[in-house]
Structures are given as C-alpha cells and as structure tokens.
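Next comes structure06.cif, a file with mmCIF, C-alpha atoms.
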```cif
data_start
#
loop_
_atom_site.label_atom_id
_atom_site.label_comp_id
_atom_site.auth_asym_id
_atom_site.auth_seq_id
_atom_site.Cartn_x
_atom_site.Cartn_y
_atom_site.Cartn_z
CA MET A 1 0.00 0.00 0.00
CA ARG A 2 1.10 3.62 -0.53
CA ARG A 3 2.64 5.53 2.35
CA TRP A 4 2.13 9.11 3.39
CA GLY A 5 5.04 10.81 5.07
CA GLY A 6 4.17 14.48 4.59
CA ARG A 7 1.78 17.09 5.95
CA GLU A 8 0.12 18.28 2.77
CA GLY A 9 -2.82 20.51 3.46
CA SER A 10 -1.63 21.76 6.85
CA ARG A 11 -1.90 25.35 5.63
CA PHE A 12 -5.67 24.92 5.67
CA GLU A 13 -5.90 24.01 9.32
CA SER A 14 -6.43 27.61 10.42
CA ILE A 15 -9.74 27.88 8.54
CA GLY A 16 -12.39 28.05 11.23
CA PRO A 17 -16.12 27.39 11.52
CA ALA A 18 -16.90 31.09 11.08
CA MET A 19 -15.83 30.98 7.43
CA ALA A 20 -17.94 27.91 6.83
CA LYS A 21 -20.99 29.54 8.34
CA GLY A 22 -20.50 32.55 6.15
CA SER A 23 -20.38 30.67 2.84
CA SER A 24 -23.42 30.72 0.59
CA GLY A 25 -23.22 26.96 0.02
CA THR A 26 -24.08 24.54 -2.77
CA ALA A 27 -27.11 22.28 -2.92
CA ALA A 28 -25.24 19.63 -0.93
CA GLU A 29 -24.30 22.23 1.68
CA ASN A 30 -27.91 23.26 2.14
CA GLY A 31 -28.96 19.76 3.22
CA GLY A 32 -28.87 18.33 6.73
CA GLY A 33 -25.63 18.33 8.68
CA GLY A 34 -25.53 14.54 8.85
CA GLU A 35 -26.07 14.25 5.12
CA ARG A 36 -23.33 16.78 4.39
CA ARG A 37 -20.91 14.96 6.68
CA GLU A 38 -21.67 11.63 5.04
CA ALA A 39 -21.25 13.13 1.57
CA ILE A 40 -17.84 14.48 2.54
CA LEU A 41 -16.70 11.15 4.00
CA THR A 42 -17.92 9.25 0.95
CA ALA A 43 -15.98 11.67 -1.22
CA ALA A 44 -12.88 11.30 0.96
CA ALA A 45 -13.04 7.51 0.58
CA ARG A 46 -13.25 7.87 -3.20
CA VAL A 47 -10.32 10.28 -3.33
CA ILE A 48 -8.19 8.04 -1.12
CA ALA A 49 -9.15 5.04 -3.28
CA ARG A 50 -7.90 6.94 -6.36
CA SER A 51 -4.85 8.69 -4.99
CA GLY A 52 -4.03 7.33 -1.55
CA VAL A 53 -3.79 9.30 1.66
CA ARG A 54 -0.71 11.09 0.40
CA GLY A 55 -2.64 12.29 -2.63
CA LEU A 56 -5.66 13.49 -0.65
CA ARG A 57 -6.34 17.17 -1.28
CA VAL A 58 -9.05 18.99 0.62
CA GLU A 59 -10.17 20.89 -2.47
CA GLU A 60 -10.62 17.65 -4.40
CA VAL A 61 -12.65 16.07 -1.59
CA ALA A 62 -14.84 19.18 -1.35
CA SER A 63 -15.40 19.18 -5.12
CA GLU A 64 -16.24 15.47 -5.11
CA ALA A 65 -18.74 16.02 -2.29
CA GLY A 66 -20.27 19.11 -3.88
CA VAL A 67 -19.40 21.37 -0.93
CA SER A 68 -17.02 24.27 -0.34
CA PRO A 69 -13.65 23.69 1.42
CA PRO A 70 -14.63 25.93 4.36
CA LEU A 71 -17.67 23.73 5.02
CA LEU A 72 -15.45 20.68 5.07
CA TYR A 73 -13.36 22.30 7.80
CA TYR A 74 -16.53 23.22 9.65
CA HIS A 75 -17.23 19.50 10.03
CA PHE A 76 -13.69 18.13 10.45
CA ALA A 77 -11.48 21.04 11.63
CA SER A 78 -8.37 19.82 9.75
CA ARG A 79 -7.14 17.47 7.07
CA GLN A 80 -5.96 15.14 9.82
CA GLY A 81 -9.44 15.20 11.33
CA LEU A 82 -10.91 14.25 7.97
CA ILE A 83 -8.52 11.30 7.69
CA ARG A 84 -9.43 10.10 11.17
CA ALA A 85 -13.14 10.38 10.38
CA ALA A 86 -12.63 8.49 7.11
CA LEU A 87 -11.03 5.66 9.07
CA GLU A 88 -13.94 5.61 11.54
CA ARG A 89 -16.41 5.48 8.68
CA ALA A 90 -14.48 2.66 6.98
CA SER A 91 -14.75 0.71 10.22
CA ASP A 92 -18.46 1.43 10.68
CA LYS A 93 -19.31 0.58 7.06
CA ALA A 94 -17.16 -2.56 6.84
CA PRO A 95 -19.03 -5.81 6.11
CA SER A 96 -17.80 -7.24 9.43
CA ALA A 97 -19.89 -4.63 11.23
CA ALA A 98 -22.93 -6.79 10.38
CA LEU A 99 -21.73 -9.20 13.07
CA ARG A 100 -22.79 -6.69 15.72
CA ALA A 101 -26.42 -7.43 14.92
CA ASP A 102 -27.01 -11.12 15.57
CA SER A 103 -30.21 -11.98 13.70
CA GLY A 104 -29.96 -15.68 14.41
CA ALA A 105 -30.53 -16.44 10.73
CA MET A 106 -27.10 -18.09 10.44
CA SER A 107 -24.95 -20.13 12.74
CA GLY A 108 -22.02 -18.37 14.37
CA TYR A 109 -19.59 -20.00 11.96
CA GLU A 110 -21.66 -19.07 8.92
CA ALA A 111 -21.95 -15.47 10.13
CA VAL A 112 -18.20 -15.10 10.65
CA GLU A 113 -17.42 -16.69 7.30
CA ALA A 114 -19.92 -14.53 5.43
CA ALA A 115 -18.75 -11.32 7.11
CA LEU A 116 -15.03 -11.88 6.55
CA LEU A 117 -15.49 -13.05 2.96
CA ALA A 118 -17.53 -9.91 2.32
CA GLU A 119 -14.42 -7.88 3.17
CA LEU A 120 -13.06 -9.14 -0.17
CA ASP A 121 -16.10 -8.00 -2.15
CA GLU A 122 -15.63 -6.10 -5.42
CA ALA A 123 -18.41 -3.59 -4.71
CA ARG A 124 -17.04 -0.06 -4.97
CA ALA A 125 -17.99 0.98 -1.45
CA VAL A 126 -16.37 -2.12 0.10
CA ARG A 127 -13.25 -1.73 -2.00
CA ASP A 128 -12.96 1.98 -1.18
CA ASN A 129 -13.32 1.29 2.54
CA ALA A 130 -10.66 -1.43 2.38
CA ILE A 131 -8.27 1.01 0.71
CA VAL A 132 -9.01 3.68 3.32
CA TRP A 133 -8.29 1.21 6.10
CA GLY A 134 -5.03 0.06 4.49
CA GLU A 135 -3.90 3.57 3.63
CA VAL A 136 -4.52 5.06 7.07
CA SER A 137 -2.87 2.07 8.72
CA ALA A 138 0.18 2.56 6.52
CA THR A 139 0.18 6.28 7.27
CA ALA A 140 0.27 5.54 10.99
CA VAL A 141 3.73 4.00 10.51
CA PHE A 142 4.99 7.52 9.84
CA GLU A 143 2.37 9.65 11.61
CA ALA A 144 2.35 8.69 15.29
CA GLU A 145 -0.77 10.75 16.03
CA LEU A 146 -2.84 8.30 13.99
CA ARG A 147 -1.67 5.18 15.78
CA GLU A 148 -4.18 5.30 18.61
CA ASP A 149 -7.01 5.67 16.08
CA VAL A 150 -5.78 2.69 14.07
CA LYS A 151 -5.31 0.64 17.25
CA ARG A 152 -8.79 1.52 18.51
CA VAL A 153 -10.67 0.60 15.33
CA THR A 154 -8.60 -2.56 14.89
CA GLU A 155 -9.35 -3.65 18.45
CA GLY A 156 -13.02 -2.92 17.83
CA TRP A 157 -13.00 -5.10 14.71
CA SER A 158 -11.27 -7.89 16.60
CA ALA A 159 -13.76 -7.68 19.48
CA THR A 160 -16.70 -7.86 17.07
CA VAL A 161 -15.33 -11.00 15.41
CA ALA A 162 -14.41 -12.54 18.77
CA ALA A 163 -17.98 -12.05 20.04
CA ALA A 164 -19.35 -13.77 16.93
CA ILE A 165 -16.91 -16.65 17.43
CA SER A 166 -18.15 -17.01 21.00
CA ARG A 167 -21.74 -17.22 19.72
CA GLY A 168 -20.65 -19.93 17.31
CA MET A 169 -19.08 -21.89 20.14
CA GLU A 170 -22.36 -21.64 22.03
CA ASP A 171 -24.43 -22.95 19.10
CA GLY A 172 -21.92 -25.70 18.32
CA SER A 173 -20.94 -24.50 14.84
CA ILE A 174 -17.47 -23.48 16.06
CA ARG A 175 -15.42 -26.01 17.93
CA ALA A 176 -14.94 -25.76 21.66
CA GLY A 177 -11.64 -25.06 23.32
CA ILE A 178 -10.38 -22.20 21.15
CA ASP A 179 -9.62 -18.69 22.38
CA PRO A 180 -12.11 -16.39 20.58
CA LYS A 181 -9.94 -13.31 21.01
CA GLN A 182 -6.82 -15.00 19.68
CA ALA A 183 -8.68 -16.59 16.77
CA ALA A 184 -10.23 -13.24 15.88
CA GLU A 185 -6.85 -11.50 15.90
CA VAL A 186 -5.38 -14.15 13.61
CA LEU A 187 -8.31 -14.00 11.20
CA ILE A 188 -8.52 -10.22 10.87
CA THR A 189 -4.76 -10.06 10.36
CA LEU A 190 -5.16 -12.59 7.57
CA VAL A 191 -8.01 -10.58 6.04
CA ASP A 192 -5.86 -7.43 6.15
CA GLY A 193 -3.01 -9.17 4.39
CA LEU A 194 -5.20 -10.78 1.76
CA CYS A 195 -6.95 -7.46 1.07
CA ASN A 196 -3.61 -5.72 0.61
CA ARG A 197 -2.33 -8.37 -1.78
CA TRP A 198 -5.57 -8.37 -3.77
CA LEU A 199 -5.79 -4.59 -4.00
CA ALA A 200 -2.11 -4.38 -4.99
CA GLY A 201 -2.69 -6.86 -7.83
CA ALA A 202 -0.42 -9.47 -6.28
CA MET A 203 -3.23 -12.02 -5.91
CA GLU A 204 -6.51 -12.75 -7.63
CA ARG A 205 -9.55 -12.07 -5.49
CA GLU A 206 -10.86 -15.61 -5.87
CA ARG A 207 -7.55 -17.03 -4.65
CA ALA A 208 -7.68 -14.73 -1.64
CA ARG A 209 -11.20 -15.93 -0.86
CA GLU A 210 -10.15 -19.58 -1.20
CA LEU A 211 -7.30 -19.06 1.27
CA LEU A 212 -9.61 -17.32 3.72
CA VAL A 213 -12.20 -20.11 3.55
CA ALA A 214 -9.48 -22.68 4.21
CA ALA A 215 -8.13 -20.70 7.17
CA LEU A 216 -11.62 -20.30 8.64
CA ARG A 217 -12.21 -24.04 8.44
CA ASP A 218 -8.82 -24.86 9.97
CA THR A 219 -9.24 -22.29 12.75
CA LEU A 220 -12.92 -22.52 13.63
CA ALA A 221 -14.90 -25.36 12.07
CA ALA A 222 -16.43 -27.87 14.45
CA GLY A 223 -16.03 -31.55 13.76
#
```
Could I get this file's structure written as structure tokens?
Amino acid sequence: MRRWGGREGSRFESIGPAMAKGSSGTAAENGGGGERREAILTAAARVIARSGVRGLRVEEVASEAGVSPPLLYYHFASRQGLIRAALERASDKAPSAALRADSGAMSGYEAVEAALLAELDEARAVRDNAIVWGEVSATAVFEAELREDVKRVTEGWSATVAAAISRGMEDGSIRAGIDPKQAAEVLITLVDGLCNRWLAGAMERERARELLVAALRDTLAAG
C-alpha cells in the first residue's frame, strides 16, 4: 500500500467554523448536517481510493462532495481530522460490522465466514473502505498521532469478530476449546493481508477468498 510521510494541506488548518458559516453553500451544503458529513466522508473515501492518503487534497474532496472547502473544515477542523473520520467510517461501514447485529438467521460459523469473505467484495464501497483502512494504517507507521485511532478501530473489529466466534461456540458450529480473542486477531490479520495483496494486484480475489475459507475451516470449524 502507498505511504504518506508528509503534511500536505496543513496550511488549511487555520480555517475556522466562522468561514464555513458565512459561505453561501451549494445544494449539498444546504442539506442536513448529517447528510453533508456523510457526503464528505464518501468523497474522501473515493479520493483516497484513487490517490491514496498522500494524494488526498481537501479541495478535491470538497469538489467530489459538492461542498465548499470551508464547510469541510466546519465539520472536520483539519485534514488530519478528515482522515481520522474516514477511518472511523471505513470501520463502521465494513461488512464485518454486520456481526454486531445477531439476527440468528445463520450459525455463528456461517456469520463469521460470510462477514469476513464480504471484506473481499468487489463492490465499490467495500473496496474503497478497504483502501481507506489500508492507507490510514500505513500512514500511521509515519504519523504517530494516527496510531491510537488505528489501534482503537482494529481492536473494535477484533472484538466484534471474537464475540461472533463465542456465539458460534455456544451454538456448536465453532469447535470448543479455542480462544475467541486470539482466533479473531489471527483472522482479521489474515483478512488485512489478503486485502492488501488483492488490491495491490499481487493475488486474484478468488484465490484470496479460497485461502480465507481454508483458514476459517482450519481455525474454527467444528467436527
């Protein structure tokens, strides 16, 4: 994945909410605050998917979202704040987030398998979120202020998967005697690596999915 070692865009950080409030606004700006924020974050994900975190420019994100740059700063305060929010959104919108709502329609094993395989989906939104996650994680190697954010969302992902594994152990679809937390950490690390290889063109998506299915069976399958 691409790395970001610079501080492009820092000259914008002094733009305050007062400027945003004073702008006339586009159609997107005149909508609800939640809708505007979501439009900006969707645009940020698309820009990062095209150009990486290093190539993210506030003006390009604003143009993609159909808002003015001052409004973007009204919602996110700085470029760094936008990047953090993009990571949060990637976590919230990830297919694995579906595991938080246990409908009971699938066994625990089936739910974990479906959720993790969906992380390798070709849908644009899933792909964009995977790139955001990978890019911000790579950025944190060089930007220490992002490390706590990356750690927090990664731990949240792991906890979600671990809880689903525990449910599978209760319903008998996942074998007894494993450590749900450890298994979850191994599996999400594998998903991260497979996503990176697929997105970098080093592995076909179907091969990545085959390897994940095999690892899930070896790690979790009962009987």
Resolved residues for the PyMOL selection byres ((chain A and resi 107) around 10) as an MDAnalysis selection string: chainID A and resid 102:106 108:113 164:165 167:174
Minimum-distance residue to Gln80 (chain A), chosen among A:Thr160, A:Thr139, A:Asn196, A:Thr154 (using only C-alpha atoms): A:Thr139
Given the file shown, determine the residues that the PyMOL selection byres ((chain A and resi 40-57) around 7) selects; report them as number ranges by chain. A: 2-4, 9, 36-39, 58-62, 64-65, 86, 128-129, 131-132, 135-136
I want to know what sits within 10 Å of Arg207 (chain A), based on all atoms listed in the file, with residues of the same chain fewer than 6 positions away left out; could you give that as a VMD selection string? chain A and resid 194 198 213
Neighbours of Leu190 (chain A) within 10 Å (all atoms listed in the file; same-chain residues fewer than 4 positions away dropped), as a list in words?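 Once the nearby chain positions are removed, what remains is Leu116, Ala184, Glu185, Val186, Leu194, Cys195, Asn196, Ala208, Leu211, Leu212 and Ala215 of chain A.
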Between A:Trp133, A:Tyr74, A:Glu119, A:Arg124, which residue has the minimum interatomic distance to Arg89 (chain A), considering only C-alpha atoms? A:Trp133
Computed interatomic separation between CA of Ala98 (chain A) and CA of Leu187 (chain A) (Å):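 Pair CA of Ala98 (chain A) / CA of Leu187 (chain A) returns 16.3 Å.
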By how many Å are CA of Val141 (chain A) and CA of Thr189 (chain A) apart? 16.4 Å
Go ahead and compute the interatomic distance for CA of Val150 (chain A) and CA of Glu88 (chain A), in Å to one decimal.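 It comes out at 9.0 Å.
Among the candidates A:Ala85, A:Ala202, A:Ala183, A:Val191, the one nearest to Thr219 (chain A) when counting only C-alpha atoms is A:Ala183.
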Using all atoms listed in the file, what residues lie at most 12 Å away from (-14.8, -7.6, -8.6) (file coordinates), given as a PDB file with C-alpha atoms, in the coordinates of the input?
```pdb
ATOM      1  CA  ALA A 118     -17.530  -9.910   2.320  1.00  0.00           C
ATOM      2  CA  GLU A 119     -14.420  -7.880   3.170  1.00  0.00           C
ATOM      3  CA  LEU A 120     -13.060  -9.140  -0.170  1.00  0.00           C
ATOM      4  CA  ASP A 121     -16.100  -8.000  -2.150  1.00  0.00           C
ATOM      5  CA  GLU A 122     -15.630  -6.100  -5.420  1.00  0.00           C
ATOM      6  CA  ALA A 123     -18.410  -3.590  -4.710  1.00  0.00           C
ATOM      7  CA  ARG A 124     -17.040  -0.060  -4.970  1.00  0.00           C
ATOM      8  CA  ALA A 125     -17.990   0.980  -1.450  1.00  0.00           C
ATOM      9  CA  VAL A 126     -16.370  -2.120   0.100  1.00  0.00           C
ATOM     10  CA  ARG A 127     -13.250  -1.730  -2.000  1.00  0.00           C
ATOM     11  CA  TRP A 198      -5.570  -8.370  -3.770  1.00  0.00           C
ATOM     12  CA  LEU A 199      -5.790  -4.590  -4.000  1.00  0.00           C
ATOM     13  CA  GLU A 204      -6.510 -12.750  -7.630  1.00  0.00           C
ATOM     14  CA  ARG A 205      -9.550 -12.070  -5.490  1.00  0.00           C
ATOM     15  CA  GLU A 206     -10.860 -15.610  -5.870  1.00  0.00           C
ATOM     16  CA  ARG A 209     -11.200 -15.930  -0.860  1.00  0.00           C
TER      17      ARG A 209
END
```
Answer as a PyMOL selection string, residues within 6 Å of (-15.6, -0.6, 5.2) using only C-alpha atoms: chain A and resi 90-91+93-94+126+129-130
Rank nothing, just name the residue among A:Ile188, A:Ile83, A:Ala163, A:Ile178 nearest to Ala221 (chain A), using only C-alpha atoms. A:Ile178
